[in-house]
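What follows is the content of structure32.txt, which has compact mmCIF, C-alpha atoms:
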```
# COMPACT_ATOMS: atom_id res chain seq x y z
CA MET A 199 159.84 148.69 -21.75
CA SER A 200 161.42 146.19 -24.15
CA LYS A 201 163.42 143.23 -22.93
CA LYS A 202 167.17 143.37 -23.47
CA VAL A 203 168.62 140.30 -25.19
CA SER A 204 172.30 139.49 -25.59
CA ILE A 205 173.21 136.97 -28.31
CA LEU A 206 176.63 135.49 -27.70
CA GLY A 207 177.71 134.33 -31.15
CA LEU A 208 176.42 136.41 -34.08
CA GLY A 209 177.15 133.70 -36.61
CA TRP A 210 175.09 131.74 -39.13
CA LEU A 211 172.29 131.29 -36.58
CA GLY A 212 172.84 134.20 -34.21
CA LEU A 213 172.85 137.03 -36.76
CA PRO A 214 169.49 136.28 -38.42
CA LEU A 215 168.13 135.68 -34.92
CA ALA A 216 169.31 139.18 -33.93
CA LYS A 217 167.57 140.64 -36.98
CA LYS A 218 164.33 138.86 -36.09
CA CYS A 219 164.56 139.94 -32.44
CA ARG A 220 164.91 143.58 -33.48
CA GLN A 221 161.87 143.23 -35.74
CA GLU A 222 159.94 141.88 -32.74
CA GLY A 223 160.86 144.91 -30.63
CA PHE A 224 163.62 143.52 -28.43
CA GLU A 225 166.69 145.55 -27.52
CA VAL A 226 169.54 143.42 -28.89
CA SER A 227 173.29 143.28 -28.29
CA GLY A 228 175.64 140.58 -29.43
CA SER A 229 179.17 139.32 -29.91
CA THR A 230 181.43 138.10 -32.68
CA THR A 231 185.06 136.95 -32.61
CA LYS A 232 185.91 138.98 -35.73
CA THR A 233 186.98 142.63 -35.53
CA ASP A 234 185.83 143.53 -39.04
CA LYS A 235 182.46 141.86 -38.53
CA ALA A 236 181.87 143.75 -35.27
CA LYS A 237 182.58 147.04 -37.09
CA MET A 238 180.32 146.09 -40.00
CA LEU A 239 177.46 145.16 -37.68
CA LYS A 240 177.83 148.39 -35.74
CA HIS A 241 177.66 150.29 -39.04
CA LYS A 242 174.36 148.49 -39.71
CA GLY A 243 172.99 149.57 -36.35
CA TYR A 244 173.66 146.46 -34.26
CA ASP A 245 175.09 146.84 -30.75
CA ALA A 246 177.87 144.34 -31.52
CA VAL A 247 181.24 143.85 -29.82
CA GLU A 248 184.26 141.67 -30.43
CA TRP A 249 184.34 139.02 -27.69
CA ARG A 250 185.55 135.47 -27.16
CA MET A 251 184.41 132.95 -24.61
CA GLY A 252 186.97 132.98 -21.80
CA GLU A 253 187.28 136.77 -21.83
CA PRO A 254 185.51 139.02 -19.30
CA LEU A 255 182.07 140.00 -20.53
CA LYS A 256 182.11 143.41 -22.23
CA LYS A 257 179.85 146.27 -21.12
CA PRO A 258 177.21 146.12 -23.92
CA LEU A 259 176.62 142.44 -23.06
CA LYS A 260 176.04 143.02 -19.36
CA LYS A 261 172.75 143.44 -17.51
CA SER A 262 170.58 141.77 -20.13
CA ASP A 263 167.25 140.14 -19.33
CA CYS A 264 168.02 137.12 -21.48
CA TYR A 265 171.20 135.57 -22.87
CA ILE A 266 171.27 133.33 -25.92
CA ILE A 267 174.50 131.32 -26.01
CA SER A 268 175.20 130.24 -29.58
CA VAL A 269 178.90 129.42 -29.45
CA PRO A 270 179.76 125.85 -30.56
CA PRO A 271 182.35 123.88 -28.55
CA SER A 272 184.33 123.20 -31.73
CA LYS A 273 185.35 126.87 -31.71
CA VAL A 274 186.58 127.03 -28.09
CA GLU A 275 189.31 125.11 -26.29
CA GLY A 276 188.27 124.24 -22.73
CA TYR A 277 184.67 125.03 -23.63
CA SER A 278 182.83 123.88 -20.50
CA GLU A 279 185.28 125.56 -18.11
CA LYS A 280 185.02 128.86 -19.97
CA LEU A 281 181.24 128.62 -20.10
CA ILE A 282 181.08 128.03 -16.34
CA ALA A 283 183.19 131.18 -15.85
CA LEU A 284 180.81 133.07 -18.16
CA LEU A 285 177.76 131.94 -16.20
CA ALA A 286 179.26 133.40 -13.03
CA GLU A 287 179.28 136.83 -14.72
CA LEU A 288 175.68 136.78 -15.88
CA PRO A 289 172.92 138.41 -13.80
CA SER A 290 171.33 135.85 -11.48
CA ARG A 291 167.82 136.83 -12.63
CA ALA A 292 168.60 136.47 -16.33
CA PHE A 293 167.03 133.78 -18.49
CA ILE A 294 169.39 131.56 -20.49
CA ILE A 295 168.74 129.98 -23.89
CA PHE A 296 171.54 127.56 -24.72
CA CYS A 297 172.20 126.07 -28.15
CA SER A 298 173.22 122.48 -27.46
CA SER A 299 173.21 119.56 -29.88
CA THR A 300 171.74 116.09 -30.28
CA SER A 301 175.37 114.91 -30.24
CA VAL A 302 174.92 114.62 -26.45
CA TYR A 303 173.00 111.38 -27.14
CA GLY A 304 176.00 109.80 -28.82
CA GLN A 305 175.31 106.93 -31.22
CA GLN A 306 172.30 105.47 -29.41
CA ASN A 307 169.74 103.55 -31.41
CA GLY A 308 165.96 104.02 -31.41
CA ILE A 309 163.76 107.02 -30.58
CA LEU A 310 165.66 109.75 -28.71
CA ASP A 311 163.70 112.14 -26.53
CA GLU A 312 164.73 114.53 -23.78
CA GLN A 313 164.79 111.70 -21.22
CA SER A 314 167.25 109.59 -23.21
CA SER A 315 170.66 108.89 -21.68
CA LEU A 316 173.49 111.32 -22.38
CA ILE A 317 176.39 109.20 -23.62
CA ALA A 318 178.28 111.46 -26.01
CA ASP A 319 181.23 109.71 -27.62
CA ARG A 320 182.90 112.82 -29.04
CA LYS A 321 184.73 115.58 -27.20
CA SER A 322 182.29 118.30 -28.34
CA GLY A 323 179.31 116.29 -27.11
CA LYS A 324 180.95 115.66 -23.75
CA GLU A 325 181.67 119.38 -23.37
CA LEU A 326 178.02 120.18 -24.14
CA ILE A 327 176.83 117.77 -21.44
CA LEU A 328 179.01 119.56 -18.87
CA ALA A 329 177.74 122.92 -20.14
CA GLU A 330 174.10 121.83 -19.87
CA GLU A 331 174.64 120.62 -16.30
CA ALA A 332 176.25 123.91 -15.29
CA ILE A 333 173.41 125.98 -16.76
CA GLN A 334 170.74 123.84 -15.11
CA GLU A 335 172.51 124.08 -11.75
CA ARG A 336 173.09 127.83 -11.75
CA PHE A 337 169.91 129.03 -13.47
CA GLU A 338 167.61 126.14 -12.48
CA LYS A 339 164.12 127.18 -13.66
CA ARG A 340 165.41 130.06 -15.75
CA ASN A 341 166.82 128.26 -18.78
CA CYS A 342 165.88 126.53 -22.00
CA ILE A 343 168.37 124.08 -23.46
CA LEU A 344 167.81 123.42 -27.15
CA ARG A 345 169.32 120.18 -28.43
CA ILE A 346 169.57 120.92 -32.11
CA SER A 347 169.83 118.35 -34.92
CA GLY A 348 171.86 118.88 -38.08
CA LEU A 349 171.41 122.42 -39.37
CA ILE A 350 170.04 123.38 -42.77
CA GLY A 351 169.16 126.81 -44.09
CA PRO A 352 170.53 129.61 -46.26
CA LYS A 353 173.72 128.39 -48.01
CA ARG A 354 173.97 125.44 -45.64
CA HIS A 355 173.10 121.82 -46.34
CA PRO A 356 175.08 118.54 -46.00
CA ILE A 357 174.38 117.61 -49.64
CA PHE A 358 176.90 120.19 -50.88
CA LYS A 359 179.73 118.38 -49.09
CA LEU A 360 178.40 114.87 -49.68
CA SER A 361 177.67 115.13 -53.40
CA GLY A 362 179.59 112.53 -55.39
CA LYS A 363 181.60 111.37 -52.37
CA GLU A 364 181.57 108.13 -50.43
CA THR A 365 179.91 108.64 -47.09
CA SER A 366 180.93 107.33 -43.69
CA PHE A 367 177.36 106.15 -43.11
CA PRO A 368 175.10 103.58 -44.80
CA GLY A 369 172.11 104.86 -46.76
CA ASP A 370 169.59 103.09 -44.52
CA GLU A 371 170.31 105.33 -41.53
CA THR A 372 167.64 107.83 -40.50
CA VAL A 373 168.40 111.49 -41.26
CA ASN A 374 167.85 114.06 -38.48
CA LEU A 375 167.90 117.70 -39.60
CA VAL A 376 166.17 120.98 -38.73
CA HIS A 377 165.70 124.31 -40.50
CA GLN A 378 167.33 127.50 -39.23
CA GLU A 379 163.88 129.09 -39.55
CA ASP A 380 162.36 126.67 -37.02
CA ILE A 381 165.09 127.31 -34.45
CA ILE A 382 164.70 131.07 -34.69
CA SER A 383 160.91 130.85 -34.48
CA ILE A 384 161.05 128.79 -31.29
CA MET A 385 163.66 131.07 -29.73
CA VAL A 386 161.45 134.10 -30.36
CA LYS A 387 158.49 132.27 -28.78
CA ILE A 388 160.66 131.64 -25.71
CA LEU A 389 161.74 135.29 -25.55
CA LYS A 390 158.14 136.43 -25.66
CA SER A 391 157.05 134.21 -22.79
CA TRP A 392 159.98 133.42 -20.48
CA ASP A 393 158.80 135.85 -17.80
CA ALA A 394 155.15 134.74 -17.88
CA LEU A 395 154.11 132.49 -15.00
CA ASP A 396 152.50 129.32 -16.37
CA LEU A 397 152.24 126.61 -13.74
CA GLU A 398 150.48 124.18 -16.07
CA ARG A 399 153.06 124.49 -18.83
CA PRO A 400 156.43 125.48 -17.30
CA LEU A 401 158.85 126.83 -19.89
CA ALA A 402 162.26 125.89 -18.50
CA GLY A 403 163.80 122.63 -19.57
CA VAL A 404 165.32 120.70 -22.44
CA TYR A 405 163.86 120.57 -25.95
CA ASN A 406 164.92 118.57 -29.00
CA LEU A 407 164.74 120.56 -32.22
CA SER A 408 164.46 118.30 -35.25
CA SER A 409 162.07 118.08 -38.20
CA GLY A 410 160.43 114.93 -36.82
CA GLU A 411 160.34 113.23 -40.22
CA LYS A 412 161.52 109.69 -40.90
CA TYR A 413 163.56 109.52 -44.10
CA SER A 414 166.50 107.25 -44.76
CA LYS A 415 169.63 109.20 -45.64
CA SER A 416 169.79 107.63 -49.10
CA LYS A 417 166.19 108.55 -49.95
CA TYR A 418 166.51 112.07 -48.58
CA TYR A 419 169.90 113.02 -50.02
CA ASN A 420 169.03 111.53 -53.39
CA ILE A 421 165.89 113.70 -53.55
CA ILE A 422 167.81 116.86 -52.59
CA ALA A 423 170.68 116.05 -54.98
CA SER A 424 168.19 115.64 -57.84
CA LYS A 425 166.49 118.92 -56.88
CA PHE A 426 169.74 120.85 -57.32
CA GLY A 427 171.18 118.85 -60.19
CA LEU A 428 173.93 117.33 -58.07
CA VAL A 429 175.49 113.88 -58.08
CA PRO A 430 174.09 111.87 -55.14
CA PRO A 431 176.45 110.52 -52.49
CA ILE A 432 177.91 107.02 -52.63
CA TYR A 433 176.66 105.34 -49.47
CA SER A 434 178.90 103.19 -47.30
CA LYS A 435 178.11 99.49 -47.32
CA VAL A 436 179.32 99.13 -43.73
CA SER A 437 176.43 98.15 -41.48
CA ARG A 438 176.00 100.12 -38.26
CA PRO A 439 173.71 99.41 -35.28
CA ASN A 440 172.10 102.86 -35.12
CA MET A 441 170.25 102.97 -38.44
CA GLU A 442 166.95 103.84 -36.72
CA ARG A 443 168.35 106.70 -34.66
CA PHE A 444 165.39 109.10 -34.63
CA VAL A 445 165.28 112.42 -32.72
CA SER A 446 161.78 113.14 -31.43
CA ASN A 447 160.56 116.76 -31.49
CA GLU A 448 157.26 116.04 -29.71
CA ARG A 449 158.01 118.01 -26.54
CA ALA A 450 158.99 121.18 -28.44
CA ARG A 451 156.14 120.79 -30.92
CA ARG A 452 153.54 120.55 -28.15
CA ARG A 453 155.00 123.15 -25.78
CA PHE A 454 155.45 125.85 -28.43
CA ASN A 455 152.51 124.85 -30.64
CA HIS A 456 155.03 124.72 -33.46
CA THR A 457 154.80 123.00 -36.83
CA PHE A 458 158.27 122.11 -38.02
CA LYS A 459 159.08 122.77 -41.65
CA SER A 460 159.72 119.71 -43.83
CA ILE A 461 163.38 119.13 -44.65
CA LEU A 462 162.26 118.43 -48.23
CA GLU A 463 161.36 122.12 -48.47
CA TYR A 464 164.92 123.31 -48.89
CA ARG A 465 165.85 126.43 -50.85
CA LEU A 466 169.25 128.03 -51.31
```

Same coordinates, now as structure tokens:
Amino acid sequence: MSKKVSILGLGWLGLPLAKKCRQEGFEVSGSTTKTDKAKMLKHKGYDAVEWRMGEPLKKPLKKSDCYIISVPPSKVEGYSEKLIALLAELPSRAFIIFCSSTSVYGQQNGILDEQSSLIADRKSGKELILAEEAIQERFEKRNCILRISGLIGPKRHPIFKLSGKETSFPGDETVNLVHQEDIISIMVKILKSWDALDLERPLAGVYNLSSGEKYSKSKYYNIIASKFGLVPPIYSKVSRPNMERFVSNERARRRFNHTFKSILEYRL
């Protein structure tokens, strides 16, 4: 009997994840906030419904074995409160995979791992901290929280917005990015093993997802700009104290035996 997975947020990350999950034999349902998109996905064979965080959970999304929450706080007013209400609706024996962000670390300097302080300075980061706490409290050993660095993948890369423009950051800062492909691969590994008892390597917990490479932003974005024939950014000359802000992926890399793809290997 296949596991039933509900993906809340069939967007840029959630939709290709749903496709991969179906290929791996999971029974998949999911949500989108757009009526036309829900109809289109149903036409393609997906069990998709129109749903927004804050609304009661719709029938196709209920009674799943695992829930993947991929709804960013920037899209929802009162995010943490609505997420807490959602958690109360989910089956108590379900496993939760939550897409958080490295923004929960704020602008701290140095190497950031899963034990680093959570001192978000932006509203979205603060909402994610509250959401993480609620998930860990309600689902305790039945959750994986993925703190994801800047996203790159199909039709998505910061260089396309930065090209030729003056940045808000100096070029010496460290870049922290991760491929969509890596996130999906790790999520599928979690789905395949969340119900397996492994006392030596417990699955539940927090994982940073980042490429683990140390490039300055100027070096990296100049390389990518050249690759696509774009004008490189103009880097701010304002010095900031967090130039060596580096997100460590060691825990995820070891736990999932995963080799992260280089951020230099970017294709449209």

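Proximity of A:Gly362, A:Gly209, A:Pro430, A:Pro214 to Thr230 of chain A, computed with all atoms listed in the file, is greatest for A:Gly209.
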
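Of the residues under consideration (A:Leu310, A:Cys264, A:Ile333, A:Met385), A:Leu310 shows the shortest atom-to-atom contact distance to Arg449 of chain A when counting all atoms listed in the file.
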
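Atom pair atom CA of Ala423 of chain A / atom CA of Arg438 of chain A: separated by 23.7 Å.
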
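Proximity to Leu360 of chain A was assessed for A:Arg453, A:Lys415, A:Lys242, A:Lys260 counting all atoms listed in the file; the smallest distance is recorded for A:Lys415.
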
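Nearest residue to Val274 of chain A among A:Glu331, A:Gln306, A:Leu259, A:Gly207 is A:Gly207, counting all atoms listed in the file.
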
Legend entry - Residue with smallest distance to Ile381 of chain A - pool A:Lys218, A:Lys256, A:Lys235, A:Lys273, counting all atoms listed in the file: A:Lys218

Legend entry - Spatial neighbours of Ser272 of chain A, 10 Å, all atoms listed in the file, chain gap at least 2 places, as a PyMOL selection string: chain A and resi 269-270+274-277+321-323+325

Just C-alpha atoms for this one: save the residues we selected as a tab-separated table (two decimals), in the coordinates of the input.
```tsv
chain	number	residue	atom	x	y	z
A	269	VAL	CA	178.90	129.42	-29.45
A	270	PRO	CA	179.76	125.85	-30.56
A	274	VAL	CA	186.58	127.03	-28.09
A	275	GLU	CA	189.31	125.11	-26.29
A	276	GLY	CA	188.27	124.24	-22.73
A	277	TYR	CA	184.67	125.03	-23.63
A	321	LYS	CA	184.73	115.58	-27.20
A	322	SER	CA	182.29	118.30	-28.34
A	323	GLY	CA	179.31	116.29	-27.11
A	325	GLU	CA	181.67	119.38	-23.37
```

Inset, instruction - Quick one: pull the distance between atom CA of Ile382 of chain A and atom CA of Ser299 of chain A, Å, one decimal. - result: 15.1 Å

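Using only C-alpha atoms, the protein and nucleic acid residues lying no more than 12 Å from segment 253-255 of chain A, apart from those fewer than 2 places from it along its own chain, are Ser204, Leu206, Gly228, Ser229, Thr231, Val247, Glu248, Trp249, Arg250, Met251, Lys257, Pro258, Leu259, Lys260, Lys261, Ser262, Tyr265, Val274, Glu279, Lys280, Leu281, Ala283, Leu284, Leu285, Ala286, Glu287, Leu288 and Pro289 of chain A.
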
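Between atom CA of Glu379 of chain A and atom CA of Ser414 of chain A there is a distance of 22.6 Å.
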
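Non-sequential neighbours of Gly223 of chain A (distance at most 9 Å, separation of 4 or more positions within a chain, only C-alpha atoms) are Ser200, Lys201, Lys218 and Cys219 of chain A.
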
Resulting file, chosen residues, C-alpha atoms, as an mmCIF file, in the coordinates of the input:
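The result, written out as result-v6.cif:
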```
data_model
loop_
_atom_site.group_PDB
_atom_site.id
_atom_site.type_symbol
_atom_site.label_atom_id
_atom_site.label_comp_id
_atom_site.auth_asym_id
_atom_site.auth_seq_id
_atom_site.Cartn_x
_atom_site.Cartn_y
_atom_site.Cartn_z
ATOM 1 C CA SER A 200 161.420 146.190 -24.150
ATOM 2 C CA LYS A 201 163.420 143.230 -22.930
ATOM 3 C CA LYS A 218 164.330 138.860 -36.090
ATOM 4 C CA CYS A 219 164.560 139.940 -32.440
#
```

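When all atoms listed in the file are used to measure the gap to Arg336 of chain A, the shortest distance among A:Ile282, A:Ile388, A:Ile317, A:Val373 belongs to A:Ile282.
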
Residues of segment 249-338 of chain A that approach segment 346-355 of chain A to 12 Å or less, counting only C-alpha atoms: could you list each one with the shortest pair of atoms and its distance in Å to one decimal, rows by chain and increasing residue number, as JSON lines?
```
{"residue": "A:Ser268", "atom": "CA", "partner": "A:Ile346", "partner_atom": "CA", "distance": 11.2}
{"residue": "A:Pro270", "atom": "CA", "partner": "A:Ile346", "partner_atom": "CA", "distance": 11.4}
{"residue": "A:Phe296", "atom": "CA", "partner": "A:Ile346", "partner_atom": "CA", "distance": 10.1}
{"residue": "A:Cys297", "atom": "CA", "partner": "A:Ile346", "partner_atom": "CA", "distance": 7.0}
{"residue": "A:Ser298", "atom": "CA", "partner": "A:Ile346", "partner_atom": "CA", "distance": 6.1}
{"residue": "A:Ser299", "atom": "CA", "partner": "A:Ile346", "partner_atom": "CA", "distance": 4.5}
{"residue": "A:Thr300", "atom": "CA", "partner": "A:Ser347", "partner_atom": "CA", "distance": 5.5}
{"residue": "A:Ser301", "atom": "CA", "partner": "A:Ser347", "partner_atom": "CA", "distance": 8.0}
{"residue": "A:Val302", "atom": "CA", "partner": "A:Ile346", "partner_atom": "CA", "distance": 10.0}
{"residue": "A:Tyr303", "atom": "CA", "partner": "A:Ser347", "partner_atom": "CA", "distance": 10.9}
{"residue": "A:Leu310", "atom": "CA", "partner": "A:Ser347", "partner_atom": "CA", "distance": 11.4}
{"residue": "A:Asp311", "atom": "CA", "partner": "A:Ile346", "partner_atom": "CA", "distance": 11.9}
{"residue": "A:Glu312", "atom": "CA", "partner": "A:Ile346", "partner_atom": "CA", "distance": 11.6}
{"residue": "A:Gly323", "atom": "CA", "partner": "A:Ile346", "partner_atom": "CA", "distance": 11.9}
{"residue": "A:Leu326", "atom": "CA", "partner": "A:Ile346", "partner_atom": "CA", "distance": 11.6}
```

Need to verify the contact set: Phe458 of chain A, 12 Å, only C-alpha atoms, exclusion of same-chain residues closer than 2 positions in sequence. Can you return it as a PDB file with C-alpha atoms, keeping the file's coordinate frame?
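This went into selection_16.pdb:
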```
ATOM      1  CA  LEU A 375     167.900 117.700 -39.600  1.00  0.00           C
ATOM      2  CA  VAL A 376     166.170 120.980 -38.730  1.00  0.00           C
ATOM      3  CA  HIS A 377     165.700 124.310 -40.500  1.00  0.00           C
ATOM      4  CA  GLN A 378     167.330 127.500 -39.230  1.00  0.00           C
ATOM      5  CA  GLU A 379     163.880 129.090 -39.550  1.00  0.00           C
ATOM      6  CA  ASP A 380     162.360 126.670 -37.020  1.00  0.00           C
ATOM      7  CA  ILE A 381     165.090 127.310 -34.450  1.00  0.00           C
ATOM      8  CA  ILE A 382     164.700 131.070 -34.690  1.00  0.00           C
ATOM      9  CA  SER A 383     160.910 130.850 -34.480  1.00  0.00           C
ATOM     10  CA  ILE A 384     161.050 128.790 -31.290  1.00  0.00           C
ATOM     11  CA  ASN A 406     164.920 118.570 -29.000  1.00  0.00           C
ATOM     12  CA  LEU A 407     164.740 120.560 -32.220  1.00  0.00           C
ATOM     13  CA  SER A 408     164.460 118.300 -35.250  1.00  0.00           C
ATOM     14  CA  SER A 409     162.070 118.080 -38.200  1.00  0.00           C
ATOM     15  CA  GLY A 410     160.430 114.930 -36.820  1.00  0.00           C
ATOM     16  CA  GLU A 411     160.340 113.230 -40.220  1.00  0.00           C
ATOM     17  CA  SER A 446     161.780 113.140 -31.430  1.00  0.00           C
ATOM     18  CA  ASN A 447     160.560 116.760 -31.490  1.00  0.00           C
ATOM     19  CA  GLU A 448     157.260 116.040 -29.710  1.00  0.00           C
ATOM     20  CA  ALA A 450     158.990 121.180 -28.440  1.00  0.00           C
ATOM     21  CA  ARG A 451     156.140 120.790 -30.920  1.00  0.00           C
ATOM     22  CA  ARG A 452     153.540 120.550 -28.150  1.00  0.00           C
ATOM     23  CA  PHE A 454     155.450 125.850 -28.430  1.00  0.00           C
ATOM     24  CA  ASN A 455     152.510 124.850 -30.640  1.00  0.00           C
ATOM     25  CA  HIS A 456     155.030 124.720 -33.460  1.00  0.00           C
ATOM     26  CA  SER A 460     159.720 119.710 -43.830  1.00  0.00           C
ATOM     27  CA  ILE A 461     163.380 119.130 -44.650  1.00  0.00           C
ATOM     28  CA  LEU A 462     162.260 118.430 -48.230  1.00  0.00           C
ATOM     29  CA  GLU A 463     161.360 122.120 -48.470  1.00  0.00           C
TER      30      GLU A 463
END
```

Inset, instruction - With a distance cut-off of 12 Å and all atoms listed in the file, select the neighbouring residues of Gly243 of chain A, excluding the residue or stretch itself and same-chain residues fewer than 4 positions from it, and output the selection as a VMD selection string. - result: chain A and resid 216 to 217 220 225 to 228 236 to 239 247

Return the padded bounding box of segment 413-416 of chain A as JSON: axis-aligned, built from all atoms listed in the file, 5 Å added on each side, with centre and edge lengths in Å to one decimal.
```
{"center_x": 166.7, "center_y": 108.4, "center_z": -46.6, "size_x": 16.2, "size_y": 12.3, "size_z": 15.0}
```
